[in-house]
Every structure is written in C-alpha cells, then in structure tokens.
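J.: Quick one, target.csv (CSV, N, CA and C atoms):
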```
chain,number,residue,atom,x,y,z
M,1,MET,N,6.2,21.1,-8.7
M,1,MET,CA,6.6,22.0,-7.7
M,1,MET,C,6.3,23.4,-8.2
M,2,THR,N,5.9,24.2,-7.2
M,2,THR,CA,5.7,25.6,-7.6
M,2,THR,C,6.7,26.5,-6.9
M,3,THR,N,6.9,27.6,-7.4
M,3,THR,CA,7.8,28.6,-6.8
M,3,THR,C,7.0,29.9,-6.7
M,4,ASP,N,7.3,30.7,-5.7
M,4,ASP,CA,6.7,32.0,-5.5
M,4,ASP,C,7.8,33.0,-5.6
M,5,SER,N,7.7,34.0,-6.4
M,5,SER,CA,8.7,35.0,-6.7
M,5,SER,C,8.8,36.0,-5.5
M,6,ARG,N,7.8,36.1,-4.7
M,6,ARG,CA,7.9,37.0,-3.5
M,6,ARG,C,8.9,36.6,-2.5
M,7,PRO,N,9.7,37.5,-2.0
M,7,PRO,CA,10.7,37.1,-0.9
M,7,PRO,C,9.9,36.7,0.3
M,8,VAL,N,10.5,35.7,1.0
M,8,VAL,CA,9.9,35.3,2.3
M,8,VAL,C,9.8,36.5,3.2
M,9,ASN,N,8.7,36.6,4.0
M,9,ASN,CA,8.4,37.6,4.9
M,9,ASN,C,8.2,39.0,4.2
M,10,ALA,N,7.8,39.0,2.9
M,10,ALA,CA,7.5,40.2,2.2
M,10,ALA,C,6.3,40.8,2.9
M,11,PRO,N,6.2,42.1,3.1
M,11,PRO,CA,5.0,42.7,3.6
M,11,PRO,C,3.8,42.4,2.8
M,12,GLY,N,2.8,42.0,3.4
M,12,GLY,CA,1.5,41.7,2.7
M,12,GLY,C,1.5,40.3,2.1
M,13,SER,N,2.5,39.5,2.3
M,13,SER,CA,2.5,38.1,1.8
M,13,SER,C,1.7,37.2,2.8
M,14,SER,N,1.0,36.2,2.3
M,14,SER,CA,0.2,35.4,3.2
M,14,SER,C,1.1,34.6,4.1
M,15,VAL,N,0.5,34.2,5.2
M,15,VAL,CA,1.3,33.4,6.2
M,15,VAL,C,0.4,32.3,6.7
M,16,THR,N,1.1,31.2,7.2
M,16,THR,CA,0.5,30.1,7.8
M,16,THR,C,0.8,30.1,9.3
M,17,PHE,N,-0.3,30.0,10.1
M,17,PHE,CA,-0.1,30.0,11.6
M,17,PHE,C,-0.3,28.5,12.0
M,18,ILE,N,0.7,27.9,12.7
M,18,ILE,CA,0.6,26.6,13.1
M,18,ILE,C,0.8,26.6,14.6
M,19,ASN,N,-0.1,25.9,15.3
M,19,ASN,CA,0.0,25.7,16.8
M,19,ASN,C,-0.3,24.3,17.1
M,20,ILE,N,0.7,23.7,17.8
M,20,ILE,CA,0.5,22.3,18.2
M,20,ILE,C,0.2,22.2,19.7
M,21,PHE,N,-0.6,21.3,20.1
M,21,PHE,CA,-1.1,21.2,21.5
M,21,PHE,C,-0.8,19.9,22.1
M,22,GLU,N,-0.3,19.9,23.3
M,22,GLU,CA,-0.3,18.7,24.1
M,22,GLU,C,-1.4,18.8,25.1
M,23,VAL,N,-2.4,17.9,25.0
M,23,VAL,CA,-3.6,17.9,25.8
M,23,VAL,C,-3.9,16.5,26.3
M,24,ALA,N,-4.1,16.3,27.5
M,24,ALA,CA,-4.5,15.0,28.1
M,24,ALA,C,-5.8,14.5,27.5
M,25,ALA,N,-5.9,13.2,27.2
M,25,ALA,CA,-7.0,12.6,26.6
M,25,ALA,C,-8.4,13.0,27.2
M,26,GLU,N,-8.4,13.1,28.5
M,26,GLU,CA,-9.7,13.4,29.2
M,26,GLU,C,-10.1,14.9,29.0
M,27,HIS,N,-9.2,15.7,28.5
M,27,HIS,CA,-9.5,17.1,28.2
M,27,HIS,C,-9.7,17.5,26.8
M,28,LEU,N,-9.5,16.5,25.9
M,28,LEU,CA,-9.6,16.8,24.4
M,28,LEU,C,-10.9,17.4,24.0
M,29,ASP,N,-12.0,16.8,24.3
M,29,ASP,CA,-13.3,17.2,23.8
M,29,ASP,C,-13.6,18.6,24.3
M,30,ALA,N,-13.3,18.9,25.6
M,30,ALA,CA,-13.6,20.2,26.1
M,30,ALA,C,-12.7,21.3,25.4
M,31,PHE,N,-11.4,20.9,25.2
M,31,PHE,CA,-10.5,21.9,24.5
M,31,PHE,C,-11.0,22.1,23.1
M,32,VAL,N,-11.4,21.1,22.4
M,32,VAL,CA,-11.9,21.3,21.0
M,32,VAL,C,-13.1,22.2,21.0
M,33,ALA,N,-14.0,22.1,21.9
M,33,ALA,CA,-15.2,22.9,22.0
M,33,ALA,C,-14.8,24.4,22.2
M,34,GLN,N,-13.8,24.6,23.1
M,34,GLN,CA,-13.3,26.0,23.4
M,34,GLN,C,-12.6,26.5,22.2
M,35,TRP,N,-11.8,25.7,21.5
M,35,TRP,CA,-11.1,26.1,20.4
M,35,TRP,C,-12.0,26.5,19.3
M,36,GLU,N,-13.1,25.8,19.1
M,36,GLU,CA,-14.1,26.1,18.1
M,36,GLU,C,-14.7,27.5,18.3
M,37,GLN,N,-14.9,27.9,19.6
M,37,GLN,CA,-15.4,29.2,19.9
M,37,GLN,C,-14.4,30.3,19.5
M,38,ARG,N,-13.1,30.0,19.9
M,38,ARG,CA,-12.1,31.0,19.5
M,38,ARG,C,-11.9,31.1,18.0
M,39,ALA,N,-12.0,30.0,17.3
M,39,ALA,CA,-11.9,30.0,15.9
M,39,ALA,C,-13.0,30.8,15.2
M,40,ALA,N,-14.2,30.6,15.7
M,40,ALA,CA,-15.4,31.4,15.2
M,40,ALA,C,-15.1,32.9,15.3
M,41,LEU,N,-14.6,33.3,16.5
M,41,LEU,CA,-14.2,34.7,16.7
M,41,LEU,C,-13.2,35.2,15.7
M,42,MET,N,-12.1,34.4,15.5
M,42,MET,CA,-11.0,34.8,14.6
M,42,MET,C,-11.5,34.8,13.1
M,43,SER,N,-12.5,33.9,12.8
M,43,SER,CA,-12.9,33.9,11.4
M,43,SER,C,-13.6,35.2,11.0
M,44,THR,N,-14.0,36.0,11.9
M,44,THR,CA,-14.6,37.3,11.6
M,44,THR,C,-13.6,38.4,11.4
M,45,LYS,N,-12.3,38.1,11.7
M,45,LYS,CA,-11.3,39.2,11.6
M,45,LYS,C,-10.8,39.4,10.2
M,46,SER,N,-10.5,40.6,9.9
M,46,SER,CA,-9.9,41.0,8.6
M,46,SER,C,-8.7,40.2,8.3
M,47,GLY,N,-8.6,39.7,7.1
M,47,GLY,CA,-7.4,39.0,6.7
M,47,GLY,C,-7.4,37.5,7.0
M,48,PHE,N,-8.4,37.0,7.7
M,48,PHE,CA,-8.6,35.6,7.9
M,48,PHE,C,-8.9,34.9,6.6
M,49,LEU,N,-8.3,33.7,6.4
M,49,LEU,CA,-8.6,32.9,5.2
M,49,LEU,C,-9.2,31.6,5.5
M,50,ASP,N,-8.6,30.8,6.4
M,50,ASP,CA,-9.2,29.6,6.8
M,50,ASP,C,-8.5,29.0,8.0
M,51,THR,N,-9.1,28.0,8.6
M,51,THR,CA,-8.4,27.3,9.7
M,51,THR,C,-8.9,25.9,9.8
M,52,ARG,N,-8.1,25.0,10.3
M,52,ARG,CA,-8.5,23.6,10.5
M,52,ARG,C,-7.8,23.1,11.8
M,53,LEU,N,-8.5,22.4,12.6
M,53,LEU,CA,-7.9,21.8,13.8
M,53,LEU,C,-7.8,20.3,13.5
M,54,HIS,N,-6.6,19.8,13.5
M,54,HIS,CA,-6.4,18.4,13.2
M,54,HIS,C,-6.2,17.6,14.5
M,55,ARG,N,-6.9,16.4,14.6
M,55,ARG,CA,-6.8,15.6,15.8
M,55,ARG,C,-6.0,14.3,15.4
M,56,ALA,N,-5.1,13.9,16.3
M,56,ALA,CA,-4.3,12.7,16.0
M,56,ALA,C,-5.2,11.5,16.0
M,57,ARG,N,-4.8,10.6,15.2
M,57,ARG,CA,-5.6,9.3,15.1
M,57,ARG,C,-5.2,8.4,16.3
M,58,SER,N,-4.0,8.5,16.7
M,58,SER,CA,-3.4,7.7,17.8
M,58,SER,C,-3.4,8.5,19.1
M,59,SER,N,-3.8,7.8,20.2
M,59,SER,CA,-3.8,8.4,21.5
M,59,SER,C,-2.3,8.5,22.0
M,60,GLU,N,-1.4,7.8,21.3
M,60,GLU,CA,0.0,7.7,21.6
M,60,GLU,C,0.8,8.9,21.1
M,61,SER,N,0.2,9.7,20.2
M,61,SER,CA,0.8,10.8,19.6
M,61,SER,C,1.1,11.9,20.7
M,62,ARG,N,2.2,12.5,20.7
M,62,ARG,CA,2.6,13.5,21.7
M,62,ARG,C,1.7,14.7,21.5
M,63,PHE,N,1.5,15.1,20.3
M,63,PHE,CA,0.6,16.3,20.0
M,63,PHE,C,-0.7,15.8,19.5
M,64,GLN,N,-1.7,15.9,20.3
M,64,GLN,CA,-3.0,15.4,20.0
M,64,GLN,C,-3.8,16.3,19.1
M,65,LEU,N,-3.5,17.6,19.1
M,65,LEU,CA,-4.2,18.6,18.2
M,65,LEU,C,-3.2,19.5,17.5
M,66,VAL,N,-3.5,19.8,16.3
M,66,VAL,CA,-2.6,20.7,15.5
M,66,VAL,C,-3.6,21.7,14.8
M,67,ASN,N,-3.4,22.9,15.0
M,67,ASN,CA,-4.2,24.0,14.4
M,67,ASN,C,-3.3,24.5,13.2
M,68,VAL,N,-3.9,24.6,12.0
M,68,VAL,CA,-3.3,25.2,10.9
M,68,VAL,C,-4.3,26.3,10.3
M,69,SER,N,-3.8,27.5,10.3
M,69,SER,CA,-4.7,28.6,9.7
M,69,SER,C,-3.9,29.4,8.8
M,70,HIS,N,-4.6,30.0,7.9
M,70,HIS,CA,-4.0,30.9,6.9
M,70,HIS,C,-4.5,32.3,7.0
M,71,TRP,N,-3.6,33.2,6.8
M,71,TRP,CA,-3.9,34.7,6.9
M,71,TRP,C,-3.4,35.4,5.7
M,72,GLU,N,-4.1,36.5,5.3
M,72,GLU,CA,-3.6,37.3,4.2
M,72,GLU,C,-2.2,37.8,4.4
M,73,SER,N,-1.9,38.2,5.6
M,73,SER,CA,-0.6,38.7,5.9
M,73,SER,C,-0.2,38.6,7.4
M,74,GLN,N,1.0,38.8,7.7
M,74,GLN,CA,1.4,38.7,9.1
M,74,GLN,C,0.8,39.9,9.9
M,75,GLU,N,0.6,41.0,9.2
M,75,GLU,CA,0.0,42.2,9.9
M,75,GLU,C,-1.5,41.9,10.2
M,76,ALA,N,-2.2,41.2,9.4
M,76,ALA,CA,-3.6,40.8,9.6
M,76,ALA,C,-3.6,39.9,10.8
M,77,TRP,N,-2.7,38.9,10.8
M,77,TRP,CA,-2.7,37.9,12.0
M,77,TRP,C,-2.4,38.6,13.3
M,78,GLU,N,-1.4,39.5,13.3
M,78,GLU,CA,-1.0,40.3,14.5
M,78,GLU,C,-2.2,41.1,15.0
M,79,ALA,N,-2.9,41.8,14.1
M,79,ALA,CA,-4.1,42.6,14.5
M,79,ALA,C,-5.2,41.7,15.1
M,80,ALA,N,-5.4,40.6,14.5
M,80,ALA,CA,-6.5,39.7,14.9
M,80,ALA,C,-6.1,39.2,16.3
M,81,THR,N,-4.9,38.8,16.5
M,81,THR,CA,-4.5,38.2,17.8
M,81,THR,C,-4.3,39.2,18.9
M,82,ALA,N,-4.4,40.5,18.5
M,82,ALA,CA,-4.3,41.6,19.5
M,82,ALA,C,-5.7,41.9,20.1
M,83,ASP,N,-6.7,41.3,19.5
M,83,ASP,CA,-8.1,41.5,19.9
M,83,ASP,C,-8.2,41.1,21.4
M,84,THR,N,-8.8,42.0,22.2
M,84,THR,CA,-9.0,41.9,23.6
M,84,THR,C,-9.7,40.6,24.0
M,85,GLU,N,-10.9,40.4,23.3
M,85,GLU,CA,-11.7,39.2,23.6
M,85,GLU,C,-10.9,37.9,23.3
M,86,PHE,N,-10.2,37.9,22.2
M,86,PHE,CA,-9.4,36.7,21.9
M,86,PHE,C,-8.3,36.5,22.9
M,87,ARG,N,-7.6,37.5,23.3
M,87,ARG,CA,-6.6,37.4,24.3
M,87,ARG,C,-7.1,36.9,25.7
M,88,GLU,N,-8.3,37.4,26.1
M,88,GLU,CA,-8.9,36.9,27.3
M,88,GLU,C,-9.2,35.4,27.2
M,89,ARG,N,-9.8,35.0,26.1
M,89,ARG,CA,-10.1,33.6,25.9
M,89,ARG,C,-8.9,32.7,26.0
M,90,THR,N,-7.9,33.1,25.3
M,90,THR,CA,-6.7,32.2,25.2
M,90,THR,C,-6.0,32.2,26.6
M,91,ARG,N,-6.0,33.4,27.3
M,91,ARG,CA,-5.4,33.4,28.6
M,91,ARG,C,-6.1,32.5,29.6
M,92,ALA,N,-7.4,32.5,29.5
M,92,ALA,CA,-8.2,31.6,30.4
M,92,ALA,C,-7.9,30.2,30.2
M,93,VAL,N,-7.7,29.8,28.9
M,93,VAL,CA,-7.3,28.4,28.6
M,93,VAL,C,-6.0,28.0,29.2
M,94,ARG,N,-5.0,28.9,29.0
M,94,ARG,CA,-3.6,28.7,29.4
M,94,ARG,C,-3.5,28.6,31.0
M,95,GLU,N,-4.4,29.4,31.6
M,95,GLU,CA,-4.3,29.5,33.1
M,95,GLU,C,-5.2,28.6,33.9
M,96,ASP,N,-6.0,27.8,33.2
M,96,ASP,CA,-6.9,26.9,33.8
M,96,ASP,C,-6.1,25.7,34.5
M,97,PRO,N,-6.0,25.6,35.8
M,97,PRO,CA,-5.2,24.6,36.4
M,97,PRO,C,-5.8,23.2,36.3
M,98,GLN,N,-7.0,23.1,36.0
M,98,GLN,CA,-7.7,21.8,35.9
M,98,GLN,C,-7.5,21.2,34.5
M,99,THR,N,-7.1,22.0,33.5
M,99,THR,CA,-6.9,21.5,32.2
M,99,THR,C,-5.6,21.9,31.7
M,100,PRO,N,-4.5,21.2,32.1
M,100,PRO,CA,-3.2,21.6,31.6
M,100,PRO,C,-3.0,21.4,30.1
M,101,ILE,N,-2.6,22.4,29.5
M,101,ILE,CA,-2.4,22.4,28.0
M,101,ILE,C,-1.1,23.1,27.7
M,102,THR,N,-0.3,22.5,26.8
M,102,THR,CA,0.9,23.1,26.4
M,102,THR,C,0.8,23.3,24.9
M,103,SER,N,1.1,24.6,24.5
M,103,SER,CA,1.0,24.9,23.0
M,103,SER,C,2.3,25.4,22.5
M,104,SER,N,2.5,25.3,21.2
M,104,SER,CA,3.7,25.8,20.6
M,104,SER,C,3.3,26.5,19.3
M,105,PRO,N,3.0,27.8,19.4
M,105,PRO,CA,2.5,28.5,18.2
M,105,PRO,C,3.7,29.1,17.4
M,106,GLY,N,3.4,29.3,16.1
M,106,GLY,CA,4.4,30.0,15.3
M,106,GLY,C,3.8,30.3,13.9
M,107,LEU,N,4.4,31.4,13.3
M,107,LEU,CA,4.0,31.7,11.9
M,107,LEU,C,5.1,31.1,10.9
M,108,TYR,N,4.6,30.6,9.8
M,108,TYR,CA,5.4,29.9,8.9
M,108,TYR,C,5.2,30.4,7.4
M,109,ASP,N,6.2,30.3,6.6
M,109,ASP,CA,6.1,30.5,5.2
M,109,ASP,C,6.4,29.2,4.5
M,110,VAL,N,5.9,29.0,3.3
M,110,VAL,CA,6.1,27.8,2.6
M,110,VAL,C,7.6,27.8,2.1
M,111,ALA,N,8.3,26.7,2.4
M,111,ALA,CA,9.6,26.5,2.0
M,111,ALA,C,9.7,25.7,0.7
M,112,VAL,N,8.9,24.7,0.6
M,112,VAL,CA,8.9,23.8,-0.6
M,112,VAL,C,7.4,23.4,-0.8
M,113,GLU,N,7.0,23.3,-2.0
M,113,GLU,CA,5.6,22.8,-2.2
M,113,GLU,C,5.5,21.9,-3.4
M,114,PHE,N,4.9,20.8,-3.2
M,114,PHE,CA,4.6,19.8,-4.3
M,114,PHE,C,3.1,19.6,-4.4
M,115,SER,N,2.6,19.4,-5.6
M,115,SER,CA,1.2,19.2,-5.9
M,115,SER,C,1.1,18.0,-6.8
M,116,ALA,N,-0.1,17.3,-6.6
M,116,ALA,CA,-0.4,16.1,-7.5
M,116,ALA,C,-0.6,16.6,-8.9
```
Please express the file's structure as structure tokens.
T.:
Amino acid sequence: MTTDSRPVNAPGSSVTFINIFEVAAEHLDAFVAQWEQRAALMSTKSGFLDTRLHRARSSESRFQLVNVSHWESQEAWEAATADTEFRERTRAVREDPQTPITSSPGLYDVAVEFSA
C-alpha cells in the first residue's frame, strides 16, 4: 500500500477524471469513434497525462463504456474542458436525438492504493 502525504484536493495535485456511459449496443462503435476524436483533441492540452476508454465485455453491463483519464491538476482539466471546440463536440454528442447517451462524469482522488 502506498500513501501520499499531500492533502486531498491540494492545488496542483494530479486528478483522475472518470466518465461512465450508458450507450445502446447499436451506437457503441459510432460513439467510440467520436470519443477517439475528442480524446485526440484533449491529448494536446496542457496538463494531460493519459486516457483510456474501457469497453464492457458483457452486453448486459449497464455501463458499456468507462473513460478514465489522468491530469496533472484539477486546474489543467478545467482549462482543457473549457476549450470551445471540445465543448461543441461534447454538446453535439449529448444533443443528438438519434444516439441517446447518458454519461456520469466526475473528478476523483485516490482514496486507497494497492500494488503487486
């Protein structure tokens, strides 16, 4: 187990952004392609560390896609997500009536960590 001496939410401390998606099976591939374009844009932003989009192995899973990304700080994430082009792309996805998608985004700090 590791411990970090920095207080949670300390300015400048790295953060994890997690966003879970409910997407109908027939829209998964199209959503993944669009997500990849948005992720490419975000990867150019200051403070970006990495991102991964996880796809459920079972079609019975409520959340078919889970995005996990890491940022140098909350401030870096906030600046990146304030980007006009990014906002336009995410708004277009949310408002597309032919591809209903529900997302649940949030920023997280590590509470407990174990390593092999």
J.: Identify, on the basis of all atoms listed in the file, every residue whose closest approach to stretch 80-90 of chain M does not exceed 8 Å; exclude the query and any residue fewer than 4 positions from it along the same chain; express the result as a list in words.
T.: Arg38, Leu41, Met42, Lys45, Ser46, Phe48, Gln74, Glu75, Ala76, Arg94, Glu95 and Asp96 of chain M
J.: Report, in Å with one decimal, the straight-line distance from atom C of M:Leu107 to atom C of M:Thr16.
T.: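 Value for the atom C of M:Leu107-atom C of M:Thr16 distance: 4.7 Å.
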J.: Once DSSP has gone over the backbone, tell me which residues of chain M are in alpha helix (DSSP H), as an NGL selection string.
T.: :M and (28-42 or 74-81 or 84-95)
J.: How many Å separate atom C of M:Val93 from atom CA of M:Phe31?
T.: 8.9 Å
J.: Determine, counting all atoms listed in the file, every residue of protein, DNA or RNA that lies within 5 Å of (-5.1, 19.2, 18.3) in the file coordinates, then give the result as number ranges by chain.
T.: M: 54-55, 64-66
J.: Mind listing as a ChimeraX atom specification all residues within 5 Å of (-7.1, 31.3, 7.4), counting all atoms listed in the file?
T.: /M:48-51,69-71
J.: Could you please determine the separation between atom CA of M:Phe17 and atom CA of M:Ser73 in Å, to one decimal place?
T.: 10.4 Å
J.: For stretch 19-27 of chain M, list every protein, DNA or RNA residue within 6 Å, evaluated using all atoms listed in the file, and leave out those in the same chain fewer than 3 positions away; present the list as a VMD selection string.
T.: chain M and resid 30 to 32 62 to 68 100 to 106
